[in-house]
Amino acid sequence: MTNVLVITSNPDPGSLTDTAGDAFAAGARAAGADVDVLDLYDAGFSPVYTLADRRHYLGRGPVPRDVAVIQDRLEKADVIVIVFPVYWYTMPAMVKGLFDRVICRGFAYNPSGEPGALAGKTVRVVMLTGGSQGWYESDGVGEALDNQIRRQTLTKYCGVEDAKIVYVDNLVSGDDDPERRRAVAEQLERLRVMGESLASE
Ligand SMILES: Cc1cc2nc3c(=O)[nH]c(=O)nc-3n(C[C@H](O)[C@H](O)[C@H](O)COP(=O)(O)O)c2cc1C
């Protein structure tokens, strides 16, 4: 059975971010996967890098307890999906903290070059954007995000070969225009199908 971990970051449980995570999770469940959902806000995750994190990074202290709990959930997963709204052309602070504190040295990668805990897993980074995917891909910002998040962080450091960025784009929070609603529904359906297909591999 495939183990899927869906991580979402939005303060509003009714947000499109959480709905997008639910769509992926529903598809994966329909394909028989064991699905674990981690809502970083519900979990009370603190993204702020602490002295304990630094001590652990320097090899002078244990992994902080709240970090270890999430690392266990990441380790169990075959497929990891991280869903977040783009704020100011990058990931929100909550997700940055997930990378800084949890996807850390000694867990996700090792200075010795020994593979980390994420190596060989499948990772999808689902970004919700006000702008269009076409704009992101043509204006350099998409390339920067792909380079930072996928190519450098996930693939080069963490050994995740099967990493992809997925856009849910052209969003306007609270917009009830039927055309836009239809476009969003199609994108949510695409995520459901993606969840189903990745859980069946
Ligand atoms: C603080 C903030 C910054 C944002 N910055 C960007 C941005 O740089 N690029 C973009 O395409 N959309 C940006 N947006 C729009 C959101 O990404 C978009 O509305 C998305 O749908 C939010 O997800 P949600 O509907 O789940 O809240 C921003 C929204 C907020 C609240």
# chains A, B, ... in the order shown; residues from 1 in each chain; ligands from 1
$ select_by_dssp --residues "segment 3-153 of chain A" --states "helix (DSSP H, G or I)" --output "PyMOL selection string"
chain A and resi 16-30+51-57+65-76+93-102+133-138+141-153
$ write_last_selection --atoms "C-alpha atoms" --output "tab-separated table (two decimals), in the first residue's frame"
chain	number	residue	atom	x	y	z
A	16	LEU	CA	-8.62	26.79	-1.62
A	17	THR	CA	-5.27	25.59	-0.27
A	18	ASP	CA	-6.95	23.12	2.06
A	19	THR	CA	-9.51	22.21	-0.62
A	20	ALA	CA	-6.65	21.46	-3.04
A	21	GLY	CA	-5.00	19.23	-0.41
A	22	ASP	CA	-8.35	17.48	0.16
A	23	ALA	CA	-8.74	16.86	-3.59
A	24	PHE	CA	-5.34	15.18	-3.81
A	25	ALA	CA	-6.05	13.18	-0.62
A	26	ALA	CA	-9.45	12.03	-1.93
A	27	GLY	CA	-7.89	10.74	-5.15
A	28	ALA	CA	-5.14	8.92	-3.25
A	29	ARG	CA	-7.67	7.35	-0.84
A	30	ALA	CA	-9.82	6.20	-3.76
A	51	LEU	CA	18.45	27.82	19.31
A	52	ALA	CA	17.60	24.12	19.74
A	53	ASP	CA	17.44	23.79	15.92
A	54	ARG	CA	20.83	25.46	15.63
A	55	ARG	CA	22.36	23.24	18.31
A	56	HIS	CA	21.05	20.18	16.49
A	57	TYR	CA	22.42	21.50	13.16
A	65	ARG	CA	10.54	17.14	19.73
A	66	ASP	CA	8.07	19.03	17.47
A	67	VAL	CA	10.46	18.58	14.52
A	68	ALA	CA	10.99	14.85	15.20
A	69	VAL	CA	7.22	14.20	15.15
A	70	ILE	CA	6.92	15.65	11.61
A	71	GLN	CA	10.09	13.91	10.45
A	72	ASP	CA	8.52	10.56	11.47
A	73	ARG	CA	5.47	11.33	9.32
A	74	LEU	CA	7.67	12.32	6.36
A	75	GLU	CA	9.76	9.19	6.73
A	76	LYS	CA	6.68	6.91	6.60
A	93	ALA	CA	6.69	31.69	6.24
A	94	MET	CA	5.03	28.53	7.58
A	95	VAL	CA	6.40	26.42	4.71
A	96	LYS	CA	9.79	28.12	4.81
A	97	GLY	CA	9.94	27.05	8.48
A	98	LEU	CA	9.08	23.49	7.48
A	99	PHE	CA	12.11	23.47	5.18
A	100	ASP	CA	14.40	25.31	7.62
A	101	ARG	CA	13.57	23.25	10.70
A	102	VAL	CA	12.29	19.85	9.52
A	133	GLN	CA	1.30	29.65	-14.62
A	134	GLY	CA	2.16	31.14	-18.03
A	135	TRP	CA	3.28	34.38	-16.39
A	136	TYR	CA	5.36	32.50	-13.79
A	137	GLU	CA	7.05	30.44	-16.48
A	138	SER	CA	7.76	33.39	-18.77
A	141	VAL	CA	9.94	33.76	-11.15
A	142	GLY	CA	8.76	30.26	-12.07
A	143	GLU	CA	12.30	29.32	-13.07
A	144	ALA	CA	13.65	30.72	-9.78
A	145	LEU	CA	11.11	28.75	-7.73
A	146	ASP	CA	11.74	25.58	-9.72
A	147	ASN	CA	15.49	25.98	-9.28
A	148	GLN	CA	15.33	26.69	-5.53
A	149	ILE	CA	12.65	24.28	-4.43
A	150	ARG	CA	12.85	21.39	-6.89
A	151	ARG	CA	16.31	21.34	-8.46
A	152	GLN	CA	18.55	22.50	-5.58
A	153	THR	CA	16.66	21.68	-2.36
$ closest_atom_pairs --of "chain A" --to "ligand 1" --cutoff "12 Å" --atoms "only C-alpha atoms and all ligand atoms" --output "tab-separated table"
residue	atom	partner	partner_atom_place_in_ligand_line	distance
A:Thr8	CA	ligand 1	26 (O)	9.5
A:Ser9	CA	ligand 1	26 (O)	8.4
A:Asn10	CA	ligand 1	26 (O)	6.2
A:Pro11	CA	ligand 1	27 (O)	8.2
A:Asp12	CA	ligand 1	27 (O)	7.4
A:Pro13	CA	ligand 1	26 (O)	8.9
A:Gly14	CA	ligand 1	26 (O)	8.1
A:Ser15	CA	ligand 1	26 (O)	4.3
A:Leu16	CA	ligand 1	26 (O)	3.8
A:Thr17	CA	ligand 1	26 (O)	3.7
A:Asp18	CA	ligand 1	26 (O)	6.6
A:Thr19	CA	ligand 1	26 (O)	7.8
A:Ala20	CA	ligand 1	26 (O)	8.2
A:Gly21	CA	ligand 1	26 (O)	10.0
A:Asp22	CA	ligand 1	26 (O)	12.0
A:Val83	CA	ligand 1	26 (O)	9.1
A:Phe84	CA	ligand 1	23 (O)	7.0
A:Pro85	CA	ligand 1	23 (O)	4.4
A:Val86	CA	ligand 1	17 (O)	4.2
A:Tyr87	CA	ligand 1	5 (N)	3.4
A:Trp88	CA	ligand 1	8 (O)	3.2
A:Tyr89	CA	ligand 1	8 (O)	3.7
A:Thr90	CA	ligand 1	8 (O)	6.6
A:Met91	CA	ligand 1	8 (O)	9.0
A:Pro92	CA	ligand 1	1 (C)	8.1
A:Ala93	CA	ligand 1	1 (C)	10.2
A:Val126	CA	ligand 1	23 (O)	11.0
A:Met127	CA	ligand 1	17 (O)	7.9
A:Leu128	CA	ligand 1	20 (C)	5.0
A:Thr129	CA	ligand 1	11 (O)	3.8
A:Gly130	CA	ligand 1	11 (O)	3.6
A:Gly131	CA	ligand 1	11 (O)	3.8
A:Ser132	CA	ligand 1	11 (O)	7.0
A:Gln133	CA	ligand 1	11 (O)	8.7
A:Gly134	CA	ligand 1	11 (O)	11.0
A:Trp135	CA	ligand 1	11 (O)	9.0
A:Tyr136	CA	ligand 1	11 (O)	8.1
A:Glu137	CA	ligand 1	11 (O)	11.7
A:Asp139	CA	ligand 1	11 (O)	11.9
A:Val141	CA	ligand 1	9 (N)	9.5
A:Gly142	CA	ligand 1	11 (O)	10.4
A:Leu145	CA	ligand 1	8 (O)	11.6
A:Tyr167	CA	ligand 1	11 (O)	10.0
A:Val168	CA	ligand 1	21 (O)	8.2
A:Asp169	CA	ligand 1	11 (O)	7.4
A:Asn170	CA	ligand 1	11 (O)	7.6
A:Leu171	CA	ligand 1	21 (O)	4.7
A:Val172	CA	ligand 1	19 (O)	5.1
A:Ser173	CA	ligand 1	25 (O)	4.9
A:Gly174	CA	ligand 1	25 (O)	7.7
A:Asp175	CA	ligand 1	25 (O)	9.7
A:Arg180	CA	ligand 1	21 (O)	11.7
A:Arg181	CA	ligand 1	21 (O)	11.9
A:Val184	CA	ligand 1	21 (O)	10.0
$ closest_residue --among "A:Val6, A:Val160, A:Leu58, A:Val79" --to "Val37 of chain A" --atoms "only C-alpha atoms"
A:Val6
$ closest_residue --among "A:Val81, A:Cys104, A:Asp176, A:Gly59" --to "Ala199 of chain A" --atoms "only C-alpha atoms"
A:Val81
$ select_by_dssp --residues "segment 54-143 of chain A" --states "strand (DSSP E)" --output "PyMOL selection string"
chain A and resi 79-85+122-128
$ atom_distance --atom1 "atom CA of Leu40 of chain A" --atom2 "atom CA of Pro111 of chain A"
28.0 Å
$ residues_around --residues "Ala108 of chain A" --least-positions-apart "5" --cutoff "8 Å" --atoms "only C-alpha atoms" --output "list in words"
Ile103, Pro115, Gly116, Ala117, Leu118, Ala119, Tyr157 and Cys158 of chain A
$ atom_distance --atom1 "atom CA of Gly32 of chain A" --atom2 "atom CA of Ala77 of chain A"
14.1 Å
$ atom_distance --atom1 "atom CA of Asp78 of chain A" --atom2 "atom CA of Met1 of chain A"
9.5 Å
$ closest_residue --among "A:Val193, A:Ile7, A:Val63, A:Val35" --to "Val125 of chain A" --atoms "only C-alpha atoms"
A:Ile7
